[in-house]
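Student: Hey, dropping protein_38.cif in here, mmCIF, C-alpha atoms:
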data_target
loop_
_atom_site.label_atom_id
_atom_site.label_comp_id
_atom_site.auth_asym_id
_atom_site.auth_seq_id
_atom_site.Cartn_x
_atom_site.Cartn_y
_atom_site.Cartn_z
CA MET D 160 1.92 -32.82 -39.60
CA SER D 161 5.51 -32.49 -40.70
CA ASP D 162 8.52 -33.40 -38.64
CA PHE D 163 11.46 -31.05 -38.52
CA LEU D 164 14.75 -30.71 -36.72
CA MET D 165 15.77 -28.08 -34.25
CA GLN D 166 18.63 -27.70 -31.81
CA ILE D 167 18.24 -27.69 -28.01
CA ASP D 168 21.35 -27.39 -25.84
CA GLY D 169 23.48 -28.47 -28.77
CA LYS D 170 21.41 -31.57 -29.39
CA GLU D 171 19.47 -32.29 -32.58
CA VAL D 172 15.84 -32.65 -31.61
CA LYS D 173 12.96 -33.82 -33.77
CA ALA D 174 9.74 -31.85 -33.38
CA VAL D 175 6.32 -31.69 -34.98
CA ALA D 176 4.61 -28.54 -36.24
CA GLY D 177 2.37 -27.07 -33.58
CA MET D 178 4.59 -28.18 -30.70
CA THR D 179 5.91 -25.68 -28.22
CA VAL D 180 9.61 -25.53 -27.38
CA LEU D 181 8.83 -26.96 -23.94
CA GLU D 182 7.05 -29.97 -25.46
CA ALA D 183 9.86 -30.55 -27.94
CA ALA D 184 12.48 -30.41 -25.18
CA ARG D 185 10.62 -32.72 -22.84
CA GLY D 186 9.96 -35.11 -25.71
CA ALA D 187 13.72 -35.35 -26.17
CA GLY D 188 14.34 -35.90 -22.48
CA ILE D 189 15.65 -32.38 -21.85
CA SER D 190 14.12 -30.98 -18.68
CA ILE D 191 12.95 -27.39 -18.38
CA PRO D 192 11.40 -26.37 -15.04
CA SER D 193 7.78 -25.24 -14.97
CA LEU D 194 5.04 -24.93 -12.39
CA CYS D 195 2.04 -23.94 -14.47
CA HIS D 196 2.37 -26.37 -17.39
CA HIS D 197 0.05 -29.38 -17.62
CA ASP D 198 -0.20 -31.73 -20.60
CA GLN D 199 -4.00 -31.70 -20.61
CA LEU D 200 -4.29 -27.92 -20.43
CA GLU D 201 -3.78 -24.99 -22.76
CA PRO D 202 -0.42 -23.22 -22.29
CA PHE D 203 -0.64 -20.51 -19.63
CA GLY D 204 2.75 -18.77 -19.36
CA GLY D 205 2.23 -17.65 -15.78
CA CYS D 206 5.16 -18.92 -13.75
CA ARG D 207 7.83 -17.88 -16.30
CA LEU D 208 10.24 -20.50 -14.94
CA CYS D 209 10.45 -22.16 -18.35
CA ILE D 210 12.15 -19.17 -20.01
CA VAL D 211 14.88 -20.18 -22.44
CA GLU D 212 17.19 -18.42 -24.88
CA VAL D 213 16.42 -18.72 -28.57
CA GLU D 214 18.43 -17.52 -31.53
CA VAL D 215 16.22 -15.78 -34.06
CA ASP D 216 17.76 -14.15 -37.14
CA GLY D 217 21.14 -14.14 -35.47
CA ARG D 218 19.84 -12.42 -32.34
CA THR D 219 19.49 -14.07 -28.96
CA ARG D 220 16.43 -13.40 -26.87
CA LEU D 221 14.55 -14.81 -23.93
CA VAL D 222 11.21 -16.49 -24.60
CA THR D 223 8.78 -18.51 -22.54
CA SER D 224 9.15 -22.05 -23.82
CA CYS D 225 5.64 -23.24 -22.85
CA VAL D 226 4.04 -20.74 -25.23
CA TYR D 227 6.77 -20.41 -27.87
CA GLN D 228 6.24 -22.45 -31.02
CA ALA D 229 9.01 -24.79 -32.07
CA ARG D 230 10.17 -24.33 -35.65
CA GLU D 231 12.73 -25.67 -38.04
CA ASN D 232 16.40 -24.92 -37.28
CA LEU D 233 15.54 -22.99 -34.15
CA VAL D 234 18.50 -22.90 -31.74
CA VAL D 235 17.50 -23.09 -28.07
CA ARG D 236 19.55 -22.92 -24.86
CA THR D 237 17.79 -24.00 -21.69
CA ARG D 238 20.50 -22.90 -19.26
CA SER D 239 22.72 -19.84 -19.11
CA GLU D 240 23.98 -17.56 -16.39
CA LYS D 241 21.16 -15.13 -17.09
CA ILE D 242 18.42 -17.77 -17.24
CA ASP D 243 19.60 -19.31 -13.98
CA ARG D 244 19.72 -15.90 -12.30
CA ILE D 245 16.16 -15.11 -13.36
CA ARG D 246 14.85 -18.54 -12.34
CA LYS D 247 16.53 -18.19 -8.95
CA THR D 248 14.80 -14.86 -8.28
CA LEU D 249 11.44 -16.16 -9.52
CA LEU D 250 11.74 -19.13 -7.16
CA GLU D 251 12.65 -16.86 -4.27
CA LEU D 252 9.55 -14.75 -4.95
CA LEU D 253 7.38 -17.88 -4.87
CA LEU D 254 9.09 -19.33 -1.80
CA ALA D 255 7.90 -16.24 0.08
CA HIS D 256 4.43 -17.74 -0.34
CA ALA D 257 5.03 -21.47 -0.12
CA PRO D 258 8.37 -22.22 1.58
CA ASP D 259 7.42 -25.85 2.24
CA SER D 260 6.18 -26.84 -1.21
CA PRO D 261 8.15 -29.97 -2.22
CA GLN D 262 8.29 -28.88 -5.88
CA LEU D 263 9.59 -25.45 -4.97
CA LYS D 264 12.10 -26.88 -2.53
CA ASP D 265 13.53 -29.21 -5.18
CA LEU D 266 13.85 -26.39 -7.69
CA ALA D 267 15.33 -24.10 -5.05
CA ARG D 268 18.08 -26.64 -4.49
CA ASP D 269 18.84 -26.80 -8.23
CA TYR D 270 19.08 -23.04 -8.61
CA GLY D 271 20.49 -22.07 -5.23
CA ALA D 272 17.40 -20.06 -4.32
CA ASP D 273 17.22 -18.63 -0.81
CA ALA D 274 13.76 -19.21 0.72
CA ASP D 275 14.30 -16.35 3.15
CA ARG D 276 15.35 -13.66 0.71
CA PHE D 277 11.92 -12.03 0.72
CA GLU D 278 9.58 -11.45 3.61
CA LYS D 279 6.99 -14.24 3.96
CA GLU D 280 3.53 -13.67 2.50
CA ALA D 281 0.25 -14.66 4.07
CA SER D 282 -1.10 -16.75 1.17
CA PHE D 283 0.31 -20.08 -0.02
CA CYS D 284 -1.12 -19.63 -3.50
CA ILE D 285 1.46 -19.16 -6.27
CA HIS D 286 -1.18 -18.50 -8.95
CA CYS D 287 -0.12 -21.33 -11.27
CA GLY D 288 -3.78 -21.56 -12.24
CA LEU D 289 -3.75 -25.37 -12.50
CA CYS D 290 -6.92 -25.77 -10.42
CA VAL D 291 -8.76 -22.96 -12.19
CA ARG D 292 -7.82 -24.18 -15.66
CA TYR D 293 -8.35 -27.87 -14.93
CA CYS D 294 -11.83 -27.22 -13.60
CA ALA D 295 -12.70 -25.09 -16.61
CA GLU D 296 -10.95 -26.92 -19.45
CA VAL D 297 -11.13 -30.57 -18.42
CA LYS D 298 -14.20 -30.66 -16.16
CA GLY D 299 -16.10 -27.75 -17.70
CA LYS D 300 -17.42 -26.77 -14.27
CA HIS D 301 -15.77 -23.44 -13.38
CA ALA D 302 -16.13 -24.16 -9.68
CA VAL D 303 -12.91 -22.34 -8.85
CA GLY D 304 -11.70 -19.11 -10.42
CA PHE D 305 -9.41 -16.14 -10.07
CA VAL D 306 -10.77 -13.06 -8.35
CA ASP D 307 -9.36 -9.52 -8.26
CA ARG D 308 -6.06 -8.58 -9.92
CA GLY D 309 -2.47 -7.52 -9.33
CA ILE D 310 -1.15 -8.27 -5.88
CA ASN D 311 -4.72 -8.80 -4.67
CA LYS D 312 -5.44 -11.63 -7.10
CA GLU D 313 -6.41 -14.91 -5.48
CA ILE D 314 -8.21 -18.15 -6.26
CA SER D 315 -11.70 -18.61 -4.94
CA PHE D 316 -14.25 -21.41 -5.08
CA ILE D 317 -17.69 -20.28 -6.21
CA PRO D 318 -19.87 -21.64 -3.38
CA GLU D 319 -22.98 -22.29 -5.49
CA ILE D 320 -21.05 -24.43 -7.97
CA ALA D 321 -18.61 -25.97 -5.49
CA ALA D 322 -21.45 -27.18 -3.26
CA GLN D 323 -22.84 -29.17 -6.20
CA GLU D 324 -19.70 -30.37 -7.94
CA CYS D 325 -16.66 -30.58 -5.70
CA ASN D 326 -17.35 -33.32 -3.16
CA ASP D 327 -17.38 -36.05 -5.79
CA CYS D 328 -14.46 -34.69 -7.79
CA LYS D 329 -11.57 -32.99 -6.01
CA GLU D 330 -9.37 -33.86 -8.99
CA CYS D 331 -7.69 -30.48 -8.71
CA PHE D 332 -6.34 -31.19 -5.22
CA PRO D 333 -3.29 -33.21 -6.27
CA LEU D 334 -2.44 -30.66 -8.98
CA CYS D 335 -1.77 -27.89 -6.47
CA PRO D 336 1.97 -27.37 -5.94
CA THR D 337 1.31 -25.87 -2.51
CA SER D 338 -1.28 -26.79 0.08
CA TYR D 339 -3.35 -23.71 -0.55
CA LEU D 340 -6.08 -25.13 -2.76
CA GLN D 341 -7.36 -27.62 -0.21
CA ALA D 342 -7.32 -24.96 2.46
CA ALA D 343 -9.34 -22.65 0.24
CA PHE D 344 -11.86 -25.40 -0.39
CA VAL D 345 -12.23 -26.37 3.26
CA LEU D 346 -12.73 -22.72 4.09
CA VAL D 347 -15.46 -22.11 1.54
CA GLU D 348 -17.08 -25.39 2.52
CA ALA D 349 -17.11 -24.42 6.18
CA PHE D 350 -18.57 -21.01 5.56
CA ALA D 351 -20.82 -21.49 2.57
CA PHE D 352 -22.08 -25.07 2.49
CA PRO D 353 -21.29 -26.95 5.71
CA ARG D 354 -22.07 -30.64 5.45
CA ASP D 355 -24.58 -31.79 8.07
CA GLY D 356 -23.12 -33.72 10.96
CA ASP D 357 -19.57 -33.13 9.79
CA GLU D 358 -17.60 -31.76 12.73
CA THR D 359 -14.75 -30.32 10.69
CA SER D 360 -17.05 -28.19 8.59
CA SER D 361 -19.23 -26.92 11.39
CA ALA D 362 -19.25 -23.16 11.27
CA GLU D 363 -19.75 -22.76 14.98
CA MET S 120 10.93 21.07 -29.09
CA PRO S 121 13.06 20.66 -25.96
CA LEU S 122 11.55 19.70 -22.61
CA SER S 123 12.51 23.08 -21.17
CA ASP S 124 10.33 24.96 -23.69
CA ILE S 125 7.28 22.92 -22.73
CA ILE S 126 7.92 23.32 -19.01
CA TYR S 127 8.97 26.99 -18.90
CA LYS S 128 7.52 28.65 -21.99
CA ILE S 129 4.23 26.79 -22.32
CA GLY S 130 3.72 25.59 -18.76
CA GLY S 131 4.95 28.76 -17.07
CA GLY S 132 7.77 27.16 -15.09
CA ILE S 133 7.92 26.23 -11.42
CA PRO S 134 5.56 28.18 -9.17
CA GLY S 135 6.58 29.74 -5.85
CA GLY S 136 10.21 30.39 -6.76
CA LYS S 137 11.10 26.75 -6.21
CA LYS S 138 13.85 24.95 -8.05
CA PHE S 139 13.13 22.41 -10.82
CA LYS S 140 14.08 18.87 -9.92
CA ALA S 141 12.72 16.36 -12.41
CA VAL S 142 10.04 15.77 -15.00
CA GLN S 143 8.22 12.45 -15.14
CA THR S 144 7.02 11.62 -18.64
CA GLY S 145 4.88 8.90 -20.14
CA GLY S 146 2.56 7.97 -17.30
CA PRO S 147 3.15 5.66 -14.32
CA SER S 148 5.62 3.36 -16.05
CA GLY S 149 7.57 6.19 -17.58
CA GLY S 150 10.67 7.62 -15.99
CA CYS S 151 12.02 10.74 -14.30
CA ILE S 152 14.29 13.04 -16.28
CA PRO S 153 16.62 15.37 -14.34
CA GLU S 154 17.60 19.00 -14.85
CA GLU S 155 20.77 18.12 -16.81
CA LEU S 156 18.59 16.74 -19.59
CA LEU S 157 16.15 19.64 -19.88
CA ASP S 158 17.46 20.43 -23.36
CA LEU S 159 16.37 16.97 -24.54
CA GLN S 160 14.15 17.07 -27.61
CA VAL S 161 10.75 15.58 -26.89
CA GLY S 162 10.58 12.55 -29.18
CA PHE S 163 10.01 8.83 -28.92
CA ASP S 164 13.69 7.86 -29.35
CA GLU S 165 15.08 10.65 -27.21
CA LEU S 166 12.82 9.90 -24.24
CA THR S 167 13.48 6.17 -24.48
CA GLN S 168 17.22 6.79 -24.53
CA ALA S 169 16.91 8.82 -21.35
CA GLY S 170 15.22 5.82 -19.69
CA SER S 171 11.70 7.20 -19.92
CA MET S 172 9.09 7.00 -22.66
CA MET S 173 6.56 9.02 -24.60
CA GLY S 174 3.74 6.82 -23.28
CA SER S 175 0.58 8.82 -22.75
CA GLY S 176 2.42 12.05 -23.55
CA GLY S 177 1.76 13.35 -20.06
CA MET S 178 4.32 15.21 -17.98
CA ILE S 179 4.56 15.70 -14.25
CA VAL S 180 7.00 18.43 -13.27
CA MET S 181 8.47 18.16 -9.79
CA ASP S 182 10.29 20.75 -7.71
CA GLU S 183 12.96 20.48 -5.03
CA ASP S 184 10.43 19.45 -2.37
CA THR S 185 9.80 16.10 -4.10
CA CYS S 186 11.66 13.04 -2.90
CA MET S 187 12.64 10.84 -5.82
CA VAL S 188 12.60 7.63 -3.76
CA ASP S 189 9.07 8.48 -2.70
CA VAL S 190 8.12 9.09 -6.34
CA ALA S 191 9.42 5.63 -7.29
CA ARG S 192 7.56 4.12 -4.32
CA TYR S 193 4.34 5.85 -5.35
CA PHE S 194 4.41 4.70 -8.97
CA ILE S 195 5.54 1.13 -8.26
CA ASN S 196 2.84 0.85 -5.62
CA PHE S 197 0.28 2.10 -8.14
CA LEU S 198 1.47 -0.52 -10.64
CA THR S 199 1.08 -3.41 -8.18
CA GLU S 200 -2.65 -2.88 -8.48
CA GLU S 201 -2.59 -2.19 -12.22
CA SER S 202 -0.87 -5.53 -12.84
CA CYS S 203 -3.29 -8.23 -13.96
CA GLY S 204 -1.53 -10.64 -11.60
CA LYS S 205 -1.01 -13.45 -14.09
CA CYS S 206 2.76 -13.73 -14.22
CA VAL S 207 5.22 -13.99 -11.35
CA PRO S 208 7.85 -11.35 -12.26
CA CYS S 209 5.23 -8.61 -12.44
CA ARG S 210 2.84 -9.62 -9.65
CA GLU S 211 5.39 -10.85 -7.11
CA GLY S 212 8.31 -8.73 -8.29
CA LEU S 213 6.36 -5.49 -8.02
CA ARG S 214 4.91 -6.58 -4.67
CA GLN S 215 8.43 -6.92 -3.27
CA MET S 216 9.71 -3.77 -4.99
CA ALA S 217 6.87 -1.74 -3.48
CA ARG S 218 7.55 -3.27 -0.10
CA ILE S 219 11.29 -2.46 -0.19
CA LEU S 220 10.72 1.09 -1.44
CA THR S 221 8.12 1.67 1.28
CA ARG S 222 10.64 0.44 3.81
CA ILE S 223 13.35 2.78 2.51
CA CYS S 224 10.98 5.77 2.71
CA ALA S 225 10.06 4.76 6.25
CA GLY S 226 13.71 4.94 7.27
CA GLU S 227 14.13 1.17 7.40
CA GLY S 228 16.28 0.75 4.31
CA ARG S 229 19.08 -1.81 4.50
CA GLU S 230 22.40 -2.41 2.78
CA GLY S 231 21.67 -4.48 -0.32
CA ASP S 232 18.20 -3.03 -0.94
CA ILE S 233 19.32 -1.19 -4.09
CA GLU S 234 20.88 -4.38 -5.48
CA THR S 235 17.72 -6.40 -4.72
CA LEU S 236 15.61 -3.76 -6.46
CA GLU S 237 17.94 -3.89 -9.49
CA ASP S 238 17.68 -7.66 -9.56
CA LEU S 239 13.87 -7.58 -9.39
CA SER S 240 13.85 -4.95 -12.15
CA GLU S 241 15.91 -7.17 -14.43
CA VAL S 242 13.58 -10.12 -13.84
CA ALA S 243 10.47 -7.99 -14.48
CA ILE S 244 11.92 -6.54 -17.70
CA GLU S 245 13.21 -9.85 -19.07
CA ALA S 246 10.59 -12.31 -17.92
CA SER S 247 7.23 -10.52 -17.67
CA LEU S 248 4.47 -11.60 -19.99
CA CYS S 249 3.40 -8.17 -21.24
CA ALA S 250 4.60 -4.61 -21.61
CA LEU S 251 3.18 -3.52 -18.25
CA GLY S 252 5.62 -5.70 -16.35
CA LYS S 253 8.44 -5.03 -18.79
CA SER S 254 8.17 -1.28 -18.27
CA ALA S 255 7.05 -1.22 -14.64
CA PRO S 256 10.57 -0.90 -13.14
CA ASN S 257 11.19 2.38 -15.08
CA PRO S 258 10.19 4.69 -12.21
CA PHE S 259 12.76 2.97 -10.02
CA LEU S 260 15.50 2.57 -12.63
CA THR S 261 15.42 6.20 -13.79
CA THR S 262 15.32 7.68 -10.31
CA LEU S 263 18.23 5.42 -9.37
CA ARG S 264 20.14 6.40 -12.50
CA TYR S 265 19.79 10.14 -11.97
CA PHE S 266 19.28 10.44 -8.21
CA ARG S 267 21.28 7.58 -6.70
CA ALA S 268 22.55 9.85 -3.91
CA GLU S 269 18.99 10.20 -2.61
CA TYR S 270 18.61 6.44 -2.29
CA GLU S 271 21.92 6.24 -0.46
CA ALA S 272 21.00 9.09 1.89
CA HIS S 273 17.76 7.32 2.82
CA ILE S 274 19.43 3.96 3.38
CA LYS S 275 22.77 4.91 4.93
CA GLU S 276 22.03 8.17 6.73
CA LYS S 277 18.28 7.77 7.28
CA ARG S 278 17.98 11.18 5.70
CA CYS S 279 15.50 12.43 3.10
CA PRO S 280 17.33 15.19 1.18
CA ALA S 281 14.04 16.67 -0.07
CA CYS S 282 12.60 16.58 3.45
CA ALA S 283 9.52 14.81 2.11
CA CYS S 284 9.50 11.35 3.72
CA LYS S 285 7.49 11.79 6.89
CA ALA S 286 9.34 9.15 8.89
CA LEU S 287 12.69 10.82 8.23
CA ILE S 288 11.94 14.42 9.04
CA SER S 289 11.27 16.62 12.05
CA TYR S 290 9.65 20.03 12.24
CA TYR S 291 11.40 22.73 14.24
CA ILE S 292 10.39 26.27 15.20
CA GLU S 293 13.31 28.64 15.12
CA PRO S 294 13.18 30.68 18.35
CA GLN S 295 14.68 33.82 16.78
CA LYS S 296 11.93 33.89 14.16
CA CYS S 297 8.91 32.81 16.22
CA THR S 298 6.74 35.74 17.35
CA GLY S 299 4.46 33.70 19.56
CA CYS S 300 1.42 34.34 17.38
CA ARG S 301 -0.28 31.06 18.35
CA ILE S 302 -1.46 30.22 14.80
CA CYS S 303 0.47 26.94 14.55
CA LEU S 304 -0.36 26.12 18.14
CA ARG S 305 -4.08 26.32 17.39
CA GLU S 306 -3.86 24.46 14.09
CA CYS S 307 -1.67 21.56 15.20
CA PRO S 308 -3.93 18.47 15.04
CA ALA S 309 -1.68 16.50 17.38
CA ASP S 310 -1.63 19.14 20.11
CA ALA S 311 2.14 18.92 19.93
CA ILE S 312 3.01 22.63 20.16
CA ASP S 313 3.63 24.30 23.47
CA GLY S 314 3.65 28.09 23.92
CA ASP S 315 1.47 31.12 24.47
CA LYS S 316 1.00 34.63 23.24
CA LYS S 317 4.49 36.16 23.00
CA ILE S 318 6.04 32.96 24.28
CA VAL S 319 8.26 31.14 21.76
CA HIS S 320 6.47 28.01 20.52
CA ILE S 321 8.14 24.63 20.83
CA ILE S 322 7.19 21.38 19.08
CA ASP S 323 7.06 18.32 21.30
CA GLN S 324 8.89 15.87 19.01
CA ASP S 325 7.32 12.85 20.72
CA LYS S 326 3.79 14.05 19.97
CA CYS S 327 4.52 15.48 16.50
CA THR S 328 3.14 13.41 13.61
CA THR S 329 5.16 15.41 11.00
CA CYS S 330 1.96 16.38 9.20
CA GLY S 331 3.41 19.77 8.26
CA VAL S 332 0.40 21.91 9.17
CA CYS S 333 2.61 24.22 11.29
CA LEU S 334 4.86 24.92 8.31
CA ASP S 335 1.85 25.61 6.09
CA VAL S 336 0.18 28.03 8.50
CA CYS S 337 3.20 29.93 9.81
CA PRO S 338 2.87 33.35 8.12
CA SER S 339 5.46 33.63 5.36
CA HIS S 340 6.90 36.89 6.73
CA PHE S 341 7.88 34.98 9.87
CA GLY S 342 8.92 31.72 8.22
CA ALA S 343 9.77 30.26 11.63
CA VAL S 344 9.01 26.62 10.97
CA ARG S 345 11.50 24.47 9.08
CA ARG S 346 11.99 20.82 8.25
CA ILE S 347 15.05 18.95 9.36
CA SER S 348 16.25 15.57 8.14
CA GLY S 349 19.26 13.54 9.10
CA GLU S 350 20.39 15.77 11.95
CA PRO S 351 19.21 16.13 15.54
CA VAL S 352 16.56 18.71 16.40
CA PRO S 353 18.13 21.55 18.44
CA PRO S 354 17.17 21.33 22.13
CA PRO S 355 14.23 23.50 23.24
CA LEU S 356 14.89 26.89 24.78
CA PRO S 357 14.78 27.00 28.59
CA ASP S 358 11.51 28.56 29.80
CA GLU S 359 13.14 31.76 31.09
CA GLN S 360 14.41 32.59 27.60
CA ARG S 361 11.11 32.04 25.80
CA ALA S 362 9.55 35.50 26.13
CA VAL S 363 9.33 37.21 22.75
CA ILE S 364 10.87 40.67 22.94
CA LYS S 365 10.17 43.19 20.21
CA LYS S 366 9.84 40.96 17.21
CA GLY S 367 7.68 40.79 14.14
CA LYS S 368 6.36 44.10 12.82
CA GLY S 369 8.64 47.07 13.21
CA GLN S 370 11.81 45.08 13.59
#
Write the structure described by the file as structure tokens, please.
Tutor:
Amino acid sequence: MSDFLMQIDGKEVKAVAGMTVLEAARGAGISIPSLCHHDQLEPFGGCRLCIVEVEVDGRTRLVTSCVYQARENLVVRTRSEKIDRIRKTLLELLLAHAPDSPQLKDLARDYGADADRFEKEASFCIHCGLCVRYCAEVKGKHAVGFVDRGINKEISFIPEIAAQECNDCKECFPLCPTSYLQAAFVLVEAFAFPRDGDETSSAE
Amino acid sequence: MPLSDIIYKIGGGIPGGKKFKAVQTGGPSGGCIPEELLDLQVGFDELTQAGSMMGSGGMIVMDEDTCMVDVARYFINFLTEESCGKCVPCREGLRQMARILTRICAGEGREGDIETLEDLSEVAIEASLCALGKSAPNPFLTTLRYFRAEYEAHIKEKRCPACACKALISYYIEPQKCTGCRICLRECPADAIDGDKKIVHIIDQDKCTTCGVCLDVCPSHFGAVRRISGEPVPPPLPDEQRAVIKKGKGQ
């Protein structure tokens, strides 16, 4: 592993081969917003909030810092008018789903995002995939997964696995940036494997 | 080879004496090219410069009866389900774009809709994970670039210039042309046409679902039914003036 220097927001930053730009920035105390990144999980690149500008061969382009490899002498800018404009719209799109999420509210304040710009959506899920990936990569259980695609994509617990594994774990609950995950679990529990004598999960 | 040779010489041109309006190239995330650019050479660079793409190589030729806002709505809506749903700009951006375009076609467009669509397009192009999201706004961007007036007519005047958006049109039977043949009256699925043999037919605008069956079935030598958009439907004839006198054959 060799150390090298790169530049982020005008600051010399030391990075190690194999690091992403996001990791290098955070290691140097430079914050880049992200909703789908988790230190224990493989990079996902779903929320796109962590986009930054990089200068490659004299040309500037936008890249997603959580999946973009840091390299020697790379010049990175984490804020610009364009980046802020894109992050603002991305946040507004997500706030249509989860207007009360504390994480989203904080970011909305930073970027001036209007929670009412888009019509509200029925699902709280913002598809960060933290629950799905944590269950698969860390726990190896695959009790929750994505189903369908496009605008119909949603997370879903697999009842047969969830009935066996979830009650003693629930480690994914605090990862969820909205309150959707718990709701999805309670729902599948109520319908697919109600616990005996438990009033809240009685299907009747 | 220019686009016009493919459309007119190989494809045989526009059927039914209609006027050419646009050609959509490259599949769903391609773009619409207007009449002014019919001399464009069909090539990768040329099509990209015009805002479209070679893509699948397919072409959809559209005539004057096609609404370009409705075309953008159709393709963006298609792409919302083609998206894999992983990244926000594509999944959520297209969801909102489809919603706004549907609203505009339904006559509920608002000031600022075009700017919001442009903003969502920029985000999808710049921030999407793959080429589907990066190219998905093309149907909107090209129709806006070449047919901006149609967007403005829908939003500001609640008018569909191509008379294609069902919520923005009315059907009207011209009394001077109607012979009282009862064909449309029998075929109307909404029971919205009043009249009788040799009595000028009138469409009850409250019952009409703007399905267009009356226009399709009215014999072409009468041509009595027409579509209206953005202007009021003329008031119905008073009953005493509805008798058809010496019309149709022989006149």
Student: Counting only C-alpha atoms, which residues come within 9 Å of (11.9, 34.7, 25.2), with the point read in the file's coordinates, and could you list them as a PyMOL selection string?
Tutor: chain S and resi 294-295+317-319+356-364
Student: With a distance cut-off of 12 Å and only C-alpha atoms, select the neighbouring residues of Ala183 of chain D, excluding the residue or stretch itself and same-chain residues fewer than 5 positions from it, and output the selection as a compact mmCIF listing (two decimals) with C-alpha atoms, keeping the file's coordinate frame.
Tutor:
# COMPACT_ATOMS: atom_id res chain seq x y z
CA ASP D 162 8.52 -33.40 -38.64
CA PHE D 163 11.46 -31.05 -38.52
CA LEU D 164 14.75 -30.71 -36.72
CA MET D 165 15.77 -28.08 -34.25
CA GLN D 166 18.63 -27.70 -31.81
CA ILE D 167 18.24 -27.69 -28.01
CA LYS D 170 21.41 -31.57 -29.39
CA GLU D 171 19.47 -32.29 -32.58
CA VAL D 172 15.84 -32.65 -31.61
CA LYS D 173 12.96 -33.82 -33.77
CA ALA D 174 9.74 -31.85 -33.38
CA VAL D 175 6.32 -31.69 -34.98
CA ALA D 176 4.61 -28.54 -36.24
CA GLY D 177 2.37 -27.07 -33.58
CA MET D 178 4.59 -28.18 -30.70
CA GLY D 188 14.34 -35.90 -22.48
CA ILE D 189 15.65 -32.38 -21.85
CA SER D 190 14.12 -30.98 -18.68
CA ILE D 191 12.95 -27.39 -18.38
CA SER D 224 9.15 -22.05 -23.82
CA CYS D 225 5.64 -23.24 -22.85
CA VAL D 226 4.04 -20.74 -25.23
CA TYR D 227 6.77 -20.41 -27.87
CA GLN D 228 6.24 -22.45 -31.02
CA ALA D 229 9.01 -24.79 -32.07
CA ARG D 230 10.17 -24.33 -35.65
CA GLU D 231 12.73 -25.67 -38.04
CA LEU D 233 15.54 -22.99 -34.15
CA VAL D 235 17.50 -23.09 -28.07
Student: Find the residues in chain D near chain S: any atom within 7 Å counts, using all atoms listed in the file. Write them as a count of residues only.
Tutor: 10
Student: For segment 169-176 of chain S, find every residue with an atom within 9 Å (counting all atoms listed in the file), except residues of its own chain fewer than 2 positions away, and show them as a list in words.
Tutor: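 With the cut-off at 9 Å, the set is Gln143, Thr144, Gly145, Gly146, Ser148, Gly149, Gly150, Cys151, Ile152, Leu156, Leu159, Val161, Gly162, Phe163, Asp164, Glu165, Leu166, Thr167, Met178, Asn257, Pro258, Leu260, Thr261 and Arg264 of chain S.
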Student: Could you tell me which residues the PyMOL selection byres ((chain S and resi 312) around 10) returns for this structure, as a list in words?
Tutor: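 Answer for the PyMOL selection byres ((chain S and resi 312) around 10): Ile292, Arg301, Cys303, Leu304, Arg305, Glu306, Cys307, Pro308, Ala309, Asp310, Ala311, Asp313, Gly314, Asp315, His320, Ile321, Ile322, Asp323, Gln324, Lys326, Cys327 and Cys333 of chain S.
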Student: Could you tell me how far atom CA of Arg292 of chain D sits from atom CA of Leu254 of chain D, in Å to one decimal place?
Tutor: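 The value is 22.4 Å.
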Student: Please evaluate the PyMOL selection byres ((chain D and resi 300) around 12) against the structure above and give the resulting residues as a PyMOL selection string.
Tutor: chain D and resi 290-299+301-304+316-317+319-325+328-331
Student: Between atom CA of Ser338 of chain D and atom CA of Gly288 of chain D, what is the distance, to one decimal in Å?
Tutor: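 If I compute the distance from atom CA of Ser338 of chain D to atom CA of Gly288 of chain D, I get 13.6 Å.
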Student: Carefully work through the PyMOL selection byres ((chain S and resi 189) around 9) for this structure and note down the residues it includes, as a list in words.
Tutor: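 Going through the file, the PyMOL selection byres ((chain S and resi 189) around 9) ends up selecting Thr185, Cys186, Met187, Val188, Val190, Ala191, Arg192, Tyr193, Phe194, Leu220, Thr221, Ile223, Cys224, Ala283 and Cys284 of chain S.
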Student: Find the residue from D:Asp198, D:Glu212, D:Tyr339, D:Phe283 that sits nearest to Gly186 of chain D; use all atoms listed in the file when measuring.
Tutor: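 Under the stated criterion, the closest residue is D:Asp198.
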Student: Pick from D:Asn232, D:Ser161, D:Thr179, D:Gln262: nearest to Pro192 of chain D, with all atoms listed in the file counted?
Tutor: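 Smallest distance to Pro192 of chain D is found for D:Gln262.
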Student: Work out how far apart atom CA of Ala274 of chain D and atom CA of Arg236 of chain D are and give it in Å to one decimal.
Tutor: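 That distance, rounded to one decimal, is 26.5 Å.
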Student: List every protein, DNA or RNA residue that has at least one atom no more than 12 Å from (-0.2, -17.5, 4.1) in the file's coordinates, counting only C-alpha atoms, and write the result as a count of residues only.
Tutor: 22
Student: Pick out the residues sitting within 10 Å of Lys137 of chain S, and hand them over as a ChimeraX atom specification; count all atoms listed in the file, and ignore anything fewer than 5 positions along from it in its own chain.
Tutor: /S:132,181-184
Student: When distances are computed from only C-alpha atoms, which of S:Cys282, S:Cys337, S:Ile302, S:Ile179 shows the smallest separation from Glu350 of chain S?
Tutor: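 Closest residue, counting only C-alpha atoms: S:Cys282.
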